[in-house]
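As provided, protein_0.txt (compact mmCIF, C-alpha atoms and all ligand atoms) reads as follows.
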# COMPACT_ATOMS: atom_id res chain seq x y z
CA MET A 127 81.80 127.82 97.84
CA LYS A 128 83.39 128.66 101.18
CA HIS A 129 83.85 132.30 100.19
CA HIS A 130 80.11 132.97 99.98
CA GLY A 131 79.66 133.27 103.74
CA PRO A 132 82.48 135.72 104.47
CA SER A 133 81.74 137.93 101.43
CA ARG A 134 78.07 138.19 102.44
CA PHE A 135 79.30 139.14 105.90
CA VAL A 136 81.48 141.90 104.45
CA GLY A 137 78.56 143.19 102.37
CA THR A 138 76.26 143.32 105.38
CA ALA A 139 78.91 145.03 107.48
CA HIS A 140 79.38 147.73 104.85
CA LEU A 141 75.63 148.28 104.76
CA VAL A 142 75.53 148.65 108.55
CA TRP A 143 78.34 151.19 108.48
CA TRP A 144 76.59 153.09 105.71
CA LEU A 145 73.32 153.19 107.69
CA LEU A 146 75.17 154.43 110.79
CA GLY A 147 76.78 157.17 108.76
CA PHE A 148 80.35 155.93 109.24
CA PRO A 149 82.70 155.45 106.31
CA PRO A 150 82.93 151.81 105.17
CA ALA A 151 85.55 150.26 107.40
CA LEU A 152 87.92 148.42 105.11
CA VAL A 153 89.54 146.74 108.08
CA LEU A 154 86.41 144.62 108.37
CA ALA A 155 87.40 142.88 105.15
CA ALA A 156 90.70 141.77 106.62
CA PRO A 157 89.42 139.45 109.35
CA ALA A 158 86.77 138.09 106.99
CA VAL A 159 89.37 137.18 104.37
CA ALA A 160 91.69 135.78 107.01
CA GLN A 161 88.87 133.65 108.38
CA SER A 162 88.03 132.37 104.93
CA ALA A 163 91.66 131.46 104.22
CA ARG A 164 91.90 129.71 107.55
CA GLN A 165 88.74 127.71 106.85
CA ASP A 166 90.18 126.56 103.53
CA GLU A 167 93.42 125.63 105.23
CA VAL A 168 91.93 123.71 108.13
CA GLY A 169 89.09 122.05 106.36
CA GLY A 170 90.57 118.82 105.08
CA VAL A 171 92.32 115.57 105.70
CA GLU A 172 95.39 114.81 103.63
CA ILE A 173 95.67 111.18 102.59
CA GLU A 174 99.07 109.97 101.49
CA TYR A 175 99.53 106.47 100.09
CA VAL A 176 102.93 105.05 100.93
CA ALA A 177 102.51 101.60 99.32
CA HIS A 178 100.76 98.25 99.91
CA ALA A 179 98.38 98.90 102.88
CA ALA A 180 100.39 101.79 104.37
CA PHE A 181 98.92 105.28 104.51
CA LEU A 182 99.79 108.54 106.22
CA LEU A 183 96.81 110.65 107.27
CA ARG A 184 97.31 114.31 108.16
CA SER A 185 94.76 116.43 110.01
CA PRO A 186 94.05 120.17 109.91
CA ASP A 187 96.22 120.81 113.01
CA GLY A 188 99.12 118.93 111.40
CA SER A 189 98.81 115.69 113.37
CA GLU A 190 99.94 112.68 111.40
CA VAL A 191 99.02 109.02 111.79
CA LEU A 192 100.74 106.13 110.03
CA ILE A 193 98.67 103.01 109.30
CA ASP A 194 100.06 99.53 108.61
CA PRO A 195 103.74 100.06 107.74
CA PHE A 196 105.17 97.06 105.86
CA GLN A 197 108.47 95.33 106.55
CA SER A 198 111.10 96.01 103.90
CA ARG A 199 111.89 93.20 101.46
CA VAL A 200 109.78 90.56 103.13
CA TRP A 201 107.28 89.10 100.65
CA LEU A 202 107.08 92.57 99.08
CA GLY A 203 110.07 93.45 96.95
CA TYR A 204 110.51 97.00 98.20
CA ASP A 205 111.66 99.00 101.20
CA PHE A 206 109.74 101.02 103.73
CA PRO A 207 111.18 104.53 103.49
CA ASP A 208 113.32 106.10 106.19
CA GLY A 209 112.34 109.37 107.78
CA VAL A 210 108.63 108.76 108.31
CA ASN A 211 107.96 110.34 111.71
CA PRO A 212 104.25 110.17 112.54
CA ASP A 213 102.61 111.24 115.80
CA ALA A 214 101.04 107.79 116.20
CA VAL A 215 101.08 104.38 114.52
CA LEU A 216 98.12 102.08 113.91
CA ILE A 217 98.59 98.39 113.20
CA THR A 218 95.58 96.35 112.14
CA HIS A 219 97.24 92.94 112.65
CA PRO A 220 100.66 91.40 113.26
CA HIS A 221 101.56 90.30 109.72
CA TYR A 222 104.92 91.61 108.46
CA ASP A 223 103.28 93.48 105.60
CA HIS A 224 101.26 95.52 108.16
CA ASP A 225 103.37 95.75 111.33
CA ALA A 226 106.87 96.41 109.94
CA GLY A 227 107.89 92.94 111.14
CA ARG A 228 107.32 93.78 114.82
CA PHE A 229 105.58 90.47 115.65
CA ARG A 230 108.49 88.56 114.11
CA GLY A 231 110.99 90.53 116.17
CA ALA A 232 112.21 93.11 113.67
CA GLU A 233 113.41 96.40 115.13
CA PHE A 234 110.40 98.71 115.35
CA PRO A 235 111.27 102.31 114.46
CA TRP A 236 108.32 104.04 116.18
CA THR A 237 108.71 103.14 119.85
CA GLY A 238 108.46 106.76 121.01
CA VAL A 239 104.94 107.48 119.79
CA PRO A 240 101.50 106.12 120.73
CA LEU A 241 100.60 102.84 119.09
CA LEU A 242 97.18 101.27 118.64
CA ASP A 243 97.30 97.63 117.58
CA GLY A 244 94.00 96.32 118.88
CA PRO A 245 90.51 97.45 119.89
CA GLY A 246 90.51 100.75 121.78
CA ARG A 247 90.54 104.49 121.38
CA LEU A 248 93.35 106.92 120.70
CA GLU A 249 93.39 110.69 120.37
CA VAL A 250 96.21 112.35 118.49
CA GLY A 251 95.80 116.12 118.27
CA ASP A 252 92.52 116.61 116.44
CA ILE A 253 92.39 112.99 115.21
CA VAL A 254 90.22 110.43 116.99
CA VAL A 255 90.93 106.76 116.28
CA LEU A 256 88.64 103.91 117.19
CA GLY A 257 89.94 100.36 116.93
CA LEU A 258 87.16 97.80 116.45
CA GLU A 259 87.46 94.06 116.80
CA GLY A 260 87.49 92.29 113.46
CA LYS A 261 88.77 89.00 112.07
CA HIS A 262 91.48 88.33 109.51
CA ALA A 263 90.28 86.84 106.24
CA ASP A 264 90.60 83.05 105.97
CA PRO A 265 92.77 81.10 105.85
CA TYR A 266 95.57 83.39 107.04
CA GLY A 267 96.66 84.64 110.45
CA LYS A 268 95.96 81.52 112.50
CA GLU A 269 99.37 81.99 114.20
CA PHE A 270 97.93 85.03 115.99
CA GLY A 271 94.32 83.95 116.39
CA GLN A 272 93.26 85.74 113.18
CA ARG A 273 92.89 88.99 115.08
CA ASN A 274 92.48 92.06 112.90
CA THR A 275 91.43 95.51 114.03
CA LEU A 276 89.18 97.71 111.92
CA MET A 277 90.57 101.22 112.30
CA VAL A 278 88.12 104.12 112.15
CA LEU A 279 89.58 107.62 112.09
CA GLU A 280 87.63 110.85 112.50
CA ILE A 281 89.50 113.71 110.90
CA ALA A 282 88.05 117.08 109.91
CA GLY A 283 84.51 115.71 110.09
CA ILE A 284 85.33 112.79 107.78
CA ARG A 285 85.11 109.18 108.95
CA ILE A 286 87.74 106.97 107.39
CA ALA A 287 87.93 103.20 107.86
CA HIS A 288 90.99 101.05 107.13
CA LEU A 289 90.00 97.38 107.12
CA GLY A 290 93.45 95.83 107.32
CA ASP A 291 93.12 92.26 106.04
CA ASN A 292 89.65 91.71 107.41
CA GLY A 293 87.37 89.06 105.97
CA PRO A 294 83.73 89.73 105.04
CA LEU A 295 82.13 92.17 107.50
CA THR A 296 79.62 90.89 110.03
CA LEU A 297 76.45 92.74 111.03
CA ARG A 298 78.20 93.66 114.27
CA ASN A 299 81.16 95.07 112.34
CA LEU A 300 78.78 97.18 110.24
CA GLU A 301 76.92 98.48 113.29
CA GLU A 302 80.13 99.43 115.05
CA LEU A 303 81.60 101.05 111.95
CA GLY A 304 78.57 103.30 111.54
CA ARG A 305 78.77 105.97 108.85
CA ILE A 306 81.96 105.63 106.84
CA ASP A 307 82.84 108.29 104.26
CA VAL A 308 86.14 106.88 103.08
CA LEU A 309 86.86 103.16 102.96
CA MET A 310 90.30 101.62 102.48
CA LEU A 311 89.93 97.94 101.66
CA PRO A 312 92.12 95.14 100.34
CA ALA A 313 91.42 94.44 96.69
CA ASP A 314 93.34 92.78 93.91
CA GLY A 315 92.89 90.80 90.75
CA VAL A 316 93.37 87.33 92.28
CA ASP A 317 91.11 87.53 95.36
CA HIS A 318 94.09 87.32 97.73
CA ILE A 319 92.28 88.63 100.85
CA LEU A 320 88.71 89.18 99.63
CA SER A 321 86.96 87.86 96.54
CA LYS A 322 85.46 90.28 94.05
CA GLU A 323 81.98 89.44 95.36
CA GLU A 324 83.06 89.95 98.96
CA THR A 325 84.45 93.39 98.19
CA SER A 326 81.24 94.25 96.32
CA ASP A 327 79.16 93.13 99.33
CA ILE A 328 81.26 95.30 101.64
CA LEU A 329 80.86 98.34 99.36
CA ARG A 330 77.08 97.79 99.17
CA SER A 331 76.75 97.54 102.97
CA VAL A 332 79.11 100.33 103.98
CA GLU A 333 78.18 102.76 101.17
CA PRO A 334 81.31 104.92 101.40
CA ARG A 335 81.61 108.05 99.26
CA VAL A 336 85.27 107.41 98.53
CA ILE A 337 86.68 103.90 98.04
CA ILE A 338 90.43 103.43 98.24
CA PRO A 339 91.68 99.99 97.17
CA MET A 340 94.95 98.86 98.73
CA HIS A 341 97.03 95.72 99.26
CA TYR A 342 97.59 94.89 95.59
CA ARG A 343 100.72 94.15 93.59
CA LEU A 344 102.78 97.19 92.54
CA PRO A 345 104.52 95.89 89.43
CA ASP A 346 107.05 98.73 89.05
CA LEU A 347 108.44 97.97 92.51
CA GLU A 348 108.76 94.22 92.01
CA ASP A 349 111.75 92.58 90.34
CA SER A 350 110.08 89.34 89.39
CA PRO A 351 106.71 88.73 87.73
CA ASP A 352 106.09 85.98 90.32
CA SER A 353 106.46 88.19 93.34
CA PRO A 354 104.94 88.73 95.71
CA SER A 355 103.34 85.30 95.49
CA ASP A 356 99.53 85.14 95.30
CA LEU A 357 99.05 88.89 95.10
CA GLY A 358 97.33 90.36 92.04
CA GLU A 359 97.36 93.78 90.44
CA ILE A 360 94.49 96.21 90.80
CA ASP A 361 93.40 96.65 87.17
CA PRO A 362 91.34 93.42 86.89
CA TRP A 363 89.47 94.41 90.07
CA LEU A 364 88.74 97.86 88.65
CA ALA A 365 87.69 96.56 85.23
CA ASP A 366 83.91 96.48 85.66
CA ARG A 367 83.58 99.24 88.24
CA GLY A 368 82.34 102.74 87.56
CA ASN A 369 83.62 106.15 88.61
CA VAL A 370 87.28 105.19 88.87
CA ARG A 371 89.58 108.17 89.43
CA ARG A 372 93.26 107.61 88.89
CA LEU A 373 94.85 110.35 90.92
CA SER A 374 98.32 110.23 89.29
CA SER A 375 99.57 111.20 92.71
CA HIS A 376 100.27 109.57 96.05
CA ARG A 377 98.45 112.37 97.90
CA THR A 378 95.09 114.05 97.99
CA VAL A 379 93.12 116.31 100.32
CA LEU A 380 89.50 115.54 101.10
CA ARG A 381 87.06 117.98 102.67
CA VAL A 382 83.73 116.99 104.15
CA THR A 383 82.04 119.60 101.95
CA ASP A 384 83.34 118.20 98.68
CA LEU A 385 83.11 114.45 98.98
CA PRO A 386 81.86 113.02 95.66
CA GLU A 387 78.08 112.69 95.27
CA GLU A 388 78.41 109.32 93.52
CA PRO A 389 80.71 106.80 95.23
CA ALA A 390 84.11 107.15 93.60
CA ILE A 391 87.09 104.80 93.55
CA PHE A 392 90.35 106.69 94.12
CA VAL A 393 93.41 104.89 92.79
CA PHE A 394 96.60 106.38 94.18
CA ASP A 395 100.12 106.09 92.86
CA HIS A 396 102.45 104.64 95.45
CA ALA A 397 104.74 107.24 96.99
CA PRO A 398 107.72 108.09 94.76
CA TYR A 399 110.06 107.72 97.74
CA VAL A 400 109.30 103.99 98.01
CA ARG A 401 112.06 102.17 96.18
CA SER A 402 112.33 98.66 94.90
CA ALA A 403 114.97 96.62 96.69
CA GLY A 404 116.47 95.96 93.26
CA MET A 405 116.92 99.63 92.41
CA PRO A 406 120.48 100.94 92.25
CA GLY A 407 121.61 102.80 95.34
CA ARG A 408 119.58 100.69 97.76
ZN ZN A 501 98.38 91.76 104.30
This entry written out as structure tokens:
Amino acid sequence: MKHHGPSRFVGTAHLVWWLLGFPPALVLAAPAVAQSARQDEVGGVEIEYVAHAAFLLRSPDGSEVLIDPFQSRVWLGYDFPDGVNPDAVLITHPHYDHDAGRFRGAEFPWTGVPLLDGPGRLEVGDIVVLGLEGKHADPYGKEFGQRNTLMVLEIAGIRIAHLGDNGPLTLRNLEELGRIDVLMLPADGVDHILSKEETSDILRSVEPRVIIPMHYRLPDLEDSPDSPSDLGEIDPWLADRGNVRRLSSHRTVLRVTDLPEEPAIFVFDHAPYVRSAGMPGR
């Protein structure tokens, strides 16, 4: 689709040269092609699912933001990978499965980069982040006043919201969120954070084009069928929902021009570099 503009431009340019009596200048094709390639290159946001509620988002200029890194082997039976070096970190709330254990005093690996862990605004290269005041789903998080920040990221013309462990959205939340193209929300088969009905209400009110469930049990990374406690798998939540796309990958690129017409649920694989604590070599 993107090639239509530049090729029309080349055609018109050739016609102009022909009318002026000059030979068709082939060099004109070069900048047009280069421009087209650049547009394809810069047009999208790369979404990478690490695991649980942790994502890496990459912008056209190569800026990278990490959202909600989990603490290794606490509640979850797997390790946060080494070598993740984002340009900024976002933390929706101070639970260990979202803040890498920072609130509980664990060593925090990303002290040298900007951090947003509450309401506010952050610019990282060509990424704009807006933190909006939310509230953790009941009954959890009373030890920190149930604060939870809704993170809205504008990247390549796409508005992405990560809800953390928020409860049902209020009218004020919805107003402040505004248009959301891509919604990352907690969902699982046992209503751990939100019930099925609550997630359906959120999807009806926000009307995102791409829905990314997160914060569910990843059975291949867990050693015991009972862990983590009270967290369900995603399949029961997906069972009666339409337009489910299993990506068979932990990464995808979205462009504002090719968001799905019908709301689609994207189910990522967790990143292959996330290893279960029980795996040999760890
Ligand atoms: Zn959580």
Using all atoms listed in the file, find each protein or nucleic acid residue lying at most 8 Å from ligand ZN 501 (chain A); present the set as a compact mmCIF listing (two decimals) with C-alpha atoms, in the coordinates of the input.
# COMPACT_ATOMS: atom_id res chain seq x y z
CA ALA A 179 98.38 98.90 102.88
CA HIS A 221 101.56 90.30 109.72
CA TYR A 222 104.92 91.61 108.46
CA ASP A 223 103.28 93.48 105.60
CA HIS A 224 101.26 95.52 108.16
CA GLY A 290 93.45 95.83 107.32
CA ASP A 291 93.12 92.26 106.04
CA ILE A 319 92.28 88.63 100.85
CA HIS A 341 97.03 95.72 99.26
Using all atoms listed in the file, find each residue in region 369-396 of chain A having at least one atom no more than 12 Å away from region 186-202 of chain A; report its shortest atom-to-atom pair and that distance in Å (one decimal), rows by chain then rising number, as a Markdown table.
| residue | atom | partner | partner_atom | distance |
| --- | --- | --- | --- | --- |
| A:Val379 | CA | A:Pro186 | CA | 10.4 |
| A:Leu380 | CA | A:Pro186 | CA | 10.9 |
| A:Arg381 | CA | A:Pro186 | CA | 10.3 |
Item to complete: Could you tell me how far CA of Pro362 (chain A) lies from CA of His219 (chain A), in Å and to one decimal?
Response: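 Straight-line distance from CA of Pro362 (chain A) to CA of His219 (chain A) works out to 26.4 Å.
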Discussion item. Around (89.1, 105.1, 113.4), as given in the file, which residues come within 8 Å? Count all atoms listed in the file and list them as number ranges by chain.
Written reply: A: 254-257, 276-280, 285-288
Worksheet item: Which one is closest to Ser374 (chain A): A:Leu242, A:Val393, A:Leu258, A:Ile360? Count all atoms listed in the file.
Response: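 The answer is A:Val393, which sits nearest to Ser374 (chain A).
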Discussion item. To one decimal place in Å, what is the distance between CA of Pro235 (chain A) and CA of Leu216 (chain A)?
Written reply: 13.2 Å
Worksheet entry | Residues within 12 Å of (110.1, 112.5, 96.8), file coords, only C-alpha atoms, listed as an MDAnalysis selection string | chainID A and resid 176 207:209 375:377 396:401
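Closest approach to Thr325 (chain A) among A:Ile173, A:Val382, A:Leu295, A:Leu357 is made by A:Leu295 (distances from all atoms listed in the file).
The shortest atom-to-atom distance to Pro386 (chain A), with only C-alpha atoms taken into account, belongs to A:Pro334 out of A:Gly358, A:Pro212, A:Pro334, A:Pro345.
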Worksheet item: Separation of CA of Arg184 (chain A) and CA of Val210 (chain A), in Å?
Response: 12.6 Å
Discussion item. Measuring between all atoms listed in the file, which one of A:Gly203, A:Pro265, A:Pro220, A:Pro294 shows the shortest distance to Ile328 (chain A)?
Written reply: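 With all atoms listed in the file as the atom set, the closest residue is A:Pro294.
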Fill in: Using only C-alpha atoms: which of A:Asp243, A:Asp366, A:Glu359, A:Asp307 has the shortest distance to Ala282 (chain A)
A:Asp307
Edge lengths and centre in Å to one decimal, as lines of an AutoDock Vina configuration file, of the axis-aligned box that encloses all listed atoms of region 190-193 of chain A with 3 Å added on every side?
center_x = 99.7
center_y = 107.8
center_z = 110.5
size_x = 8.1
size_y = 15.7
size_z = 8.5
Fill in: Residue nearest Leu311 (chain A) among A:Phe270, A:Phe181, A:Phe234, A:Tyr204 (counting all atoms listed in the file)
A:Phe181
